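Notes follow once the structure below has been shown.
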Amino acid sequence: MGRFIARRLVQAIPTLFGIMLITFALTRLSPSDPVQLMVAGNFDITAEDKAVLRHNLGLDDPIPVQFGRWLVQAAKGDLGNSFYYHRPVTQLIWERIPNTMQYTIPSLILAVVIGAPLGFVAARLRGRLPDHAIRVLSVVLHSLPEFFVALLVVLILAVQLRILPIGSMNTVGISCALCGDRFWHLIGPVLVSALSGIAFYPRLMRTEVLEILGQDYVRTARSKGLREKVVLAVHVLRNALIPVVTIFGGLLAIVLSSSLVIEQVFNWPGLGRLLFEGALNKDYPLVQAVTIIGGVLLLVSYILRDITYAWVDPRIKVR
Amino acid sequence: MAQRVLTIDRRALDAASARRSTAGFWSDALWRVRHDPTTMVALALFFTMVVLAVGADALSDNFFHWSFAKQDLLNTYARPTLDDPAMWLGGDHIGRSQVVRLLYGARVSLFIGVFGMIVTLTVGLMIGISAGYFRGWLDDFVVWLVSTLNSIPRLYLLLIVGLLFKLDPLSLAVFLGLLGWTGICNLARGQTFALRERDFVVAARTIGATPLRIMFRHIFPNVLPLMIVLAAIDVAGIILAESAISYIGFGIQPPVPSWGNMLNNASTFLYKGPHLIYGPGIAIALTVLCLYLIGDGLRDALDPRLRGSVGGGRR
């Protein structure tokens with residue numbers, strides 16, 4: 001197991017390098033000049049001042065040298081300063097990550113709690129009405145774009161019915177992290193963010209349970225006289241839950257991506273909103289850093305997924 | 001995941017073998033699609049949307065009498081009404097016809113979806129098949145590239161692209177394609193791994209066929225059925241991504257209407273024009289739903305053994 005984890009970690013290094021390379025290359029394609037962006041608004045700056053600034057920033061070095069220097073700095077945990085906030089971008093990101101986690105983690109849990117039982121029921125009642133209903137529900141939920149659902153939640157539940165708040169994390173004047181007010185504000189983002197999972201889990205669980213029901217060991221369990229409940233709970237459910245756990249990584253990718261639009265609709269000051277604001281302000285270091293951190297979060301979740309996979313299913317290790 | 005052994009749907013197989021044992025692969029698949037009501041309805045709906053989108057000019061001139069850019073202050077935030085065809089879905093904040101803009105938006109969204117799919121399919125197939133066929137360092141490189149691209153949240157990358165370039169529908173479609181080929185590549189690569197060891201490929205190699213010929217004439221046709229299924233689902237994914245990026249304002253820019261930027265516009269006027277969000281939102285959802293159903297139907301038609309396995313890959 002230790003060797004497996006070590007190998008998986010080593011495999012992550014080239015991917016991490018790739019994430020850095022793509023992000024760096026993309027932001028360097030930018031037609032606008034970073035120096036120009038930094039001094040925007042200061043009219044008494046001369047051409048010499050700009051040249052000095054450019055030299056101090058190392059922007060007159062060859063691109064590979066710049067990339068190398070940037071990598072070394074990043075390894076030390078320094079991803080540069082924000083053009084707009086004039087603070088280290090890592091600081092800004094650390095402030096926002098908890099906010100994003102606050103609704104993504106409950107939404108992932110909610111997705112499993114709702115989605116997985118639906119899939120189990122669908123498989124048990126295969127071909128009957130509940131199965132079809134769940135299938136239709138899953139396909140329809142799957143086709144709804146998150147931002148549209150989020151807008152519907154805001155329009156119907158907040159603007160028209162006034163059940164939920166319109167957005168942001170707290171009511172004006174109240175500032176707390178663990179109180180009724182925060183929970184009230186969390187409902188919208190959690191629901192919408194759970195949507196893709198709720199659409200996805202029934203399908204996964206249904207195929208999985210059906211496949212396991214056809215396995216020899218299930219027949220054996222039944223033929224030795226085990227009660228159906230025990231067969232289902234011990235032999236079927238436990239095995240069917242493996243992919244449910246391991247798919248978490250992939251789901252996080254979707255949730256992170258959609259945080260960009262969900263936080264926009266709910267005015268939620270998280271990672272996605274930080275990225276959006278950075279993009280509006282043409283704050284390249286910030287955009288770069290959020291993208292990298294998003295990539296690292298995904299990479300970590302993929303690694304954790306592979307490790308849990310190998311842990312619950314020892315056959316995996318031999319590949 | 002996709003290579004998993006799957007439960008075979010007995011009834012489907014029996015029905016297939018009992019029907020016409022002499023039918024060829026493609027005509028058999030066509031028969032199946034034509035006898036699948038859900039898929040036919042989805043196809044009909046999708047086809048209608050394509051026709052409406054293509055005929056947007058003619059419709060707006062001759063039926064709605066309202067061009068997509070025409071403003072009318074008397075119709076700002078007009079509620080949906082049946083009196084004037086152009087106001088069927090109401091008017092937006094500067095009194096433009098929501099219906100007509102929806103039609104032009106369909107044009108943009110469908111074009112991006114289909115063109116982006118062509119790009120993903122071309123890139124994904126070329127890279128996937130050659131990586132699976134040649135293996136070695138090329139394969140290692142491709143695996144690295146794919147895992148890297150998969151590790152960056154796709155919408156974040158798109159945002160950077162939208163930030164750097166002024167995107168028109170064509171360039172956005174190309175970018176969406178260039179960022180979205182990894183899933184197709186993985187499947188094509190996996191299939192090629194299996195196919196290259198098969199007798200017919202070995203036979204082709206022994207009579208001196210070049211790798212290029214083997215990949216085109218022997219491997220590609222065998223990968224194609226699965227790819228057709230994925231193509232439908234891919235179009236849906238690209239339409240979703242396009243609308244998301246246009247929704248946050250970094251995709252298709254106004255005044256060109258796209259479903260995404262129409263929703264963005266509507267979200268600014270939730271109080272004054274709440275009816276504006278339904279049109280584009282439902283249009284996106286309906287298109288994507290049709291495409292998923294078509295994908296499902298095609299999968300069942302092309303390979304009954306794959307029931308319930310492929311598909312559902314979002315973004």
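Following the order of the structure tokens, chains are lettered A, B, ..., residues in each are numbered from 1, and ligands are numbered from 1.
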Chain B contacts to chain A at 6 Å (only C-alpha atoms) as a PyMOL selection string: chain B and resi 148+151-153+155+164+281+285+288-289
With N, CA and C atoms retained, export the selected residues as an mmCIF file, in the first residue's frame.
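The new file result_16.cif reads:
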data_model
loop_
_atom_site.group_PDB
_atom_site.id
_atom_site.type_symbol
_atom_site.label_atom_id
_atom_site.label_comp_id
_atom_site.auth_asym_id
_atom_site.auth_seq_id
_atom_site.Cartn_x
_atom_site.Cartn_y
_atom_site.Cartn_z
ATOM 1 N N THR B 148 -3.249 16.071 -17.578
ATOM 2 C CA THR B 148 -3.071 17.473 -17.223
ATOM 3 C C THR B 148 -4.326 18.279 -17.534
ATOM 4 N N SER B 151 -7.058 17.774 -15.227
ATOM 5 C CA SER B 151 -6.851 18.230 -13.852
ATOM 6 C C SER B 151 -7.149 19.707 -13.674
ATOM 7 N N ILE B 152 -7.389 20.407 -14.763
ATOM 8 C CA ILE B 152 -7.709 21.826 -14.618
ATOM 9 C C ILE B 152 -9.209 21.989 -14.847
ATOM 10 N N PRO B 153 -9.923 22.611 -13.899
ATOM 11 C CA PRO B 153 -11.365 22.793 -14.130
ATOM 12 C C PRO B 153 -11.596 23.461 -15.482
ATOM 13 N N LEU B 155 -13.950 25.055 -16.996
ATOM 14 C CA LEU B 155 -14.516 26.394 -17.113
ATOM 15 C C LEU B 155 -13.472 27.459 -16.766
ATOM 16 N N LEU B 164 -8.414 36.409 -22.757
ATOM 17 C CA LEU B 164 -7.307 36.785 -23.634
ATOM 18 C C LEU B 164 -7.759 37.182 -25.020
ATOM 19 N N GLY B 281 -33.239 29.669 -20.944
ATOM 20 C CA GLY B 281 -32.952 28.549 -20.047
ATOM 21 C C GLY B 281 -33.588 27.266 -20.545
ATOM 22 N N ALA B 285 -31.858 23.746 -21.937
ATOM 23 C CA ALA B 285 -32.175 22.472 -21.306
ATOM 24 C C ALA B 285 -32.795 21.509 -22.316
ATOM 25 N N VAL B 288 -30.183 20.226 -24.853
ATOM 26 C CA VAL B 288 -29.277 19.267 -24.232
ATOM 27 C C VAL B 288 -30.002 17.947 -23.958
ATOM 28 N N LEU B 289 -31.249 18.048 -23.499
ATOM 29 C CA LEU B 289 -32.032 16.841 -23.230
ATOM 30 C C LEU B 289 -32.192 16.017 -24.506
#
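When atom CA of Gln36 of chain A is paired with atom CA of Gly162 of chain B, their separation reads 19.8 Å.
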Members of segment 67-229 of chain A assigned helix (DSSP H, G or I) by DSSP, as a count of residues only: 119
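We find atom CA of Val202 of chain B and atom CA of Gly136 of chain B to be spaced 18.4 Å apart.
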Spatial neighbours of Arg182 of chain A, max dist 12 Å, only C-alpha atoms, sep filter under 2 positions, as a list in words: Asn99, Gln102, Tyr103, Leu164, Pro165, Gly167, Ser168, Met169, Asn170, Thr171, Val172, Ile174, Ser175, Cys176, Ala177, Leu178, Cys179, Gly180, Trp184, His185, Leu186, Ile187, Gly188, Pro189, Val190 and Trp268 of chain A
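Among B:Leu270, B:Val223, B:Ile284, B:Ala69, the residue with the shortest atom-to-atom distance to Val108 of chain B, counting only C-alpha atoms, is B:Ile284.
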Contacts of segment 259-265 of chain B within 9 Å, only C-alpha atoms, excl. fewer than 6 positions in-chain, as number ranges by chain: A: 147-148, 151; B: 92-93, 98, 101-102, 104-106, 108-109, 240, 242-249, 251-253, 276-281, 283-284
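The coordinates place atom CA of Pro314 of chain A at 27.5 Å from atom CA of Arg135 of chain B.
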Close residues, Leu121 of chain B itself excluded, 8 Å, only C-alpha atoms, min 3 positions apart in chain, as a list in words: Met117, Ile118, Gly124, Leu125, Trp181, Ile184, Met227 and Ala231 of chain B
Residue contacts of Val114 of chain B (9 Å, only C-alpha atoms) excluding same-chain residues fewer than 6 positions away, as a ChimeraX atom specification: /B:173,231-232,234-235,238-239
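The closest residue to Thr120 of chain B, picked from B:Ser267, B:Asn222, B:Thr182, B:Ser67 and counting only C-alpha atoms, is B:Thr182.
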Nearby residues (only C-alpha atoms) at most 12 Å from Leu59 of chain B, same-chain spacing under 4 positions excluded, as a count of residues only: 18
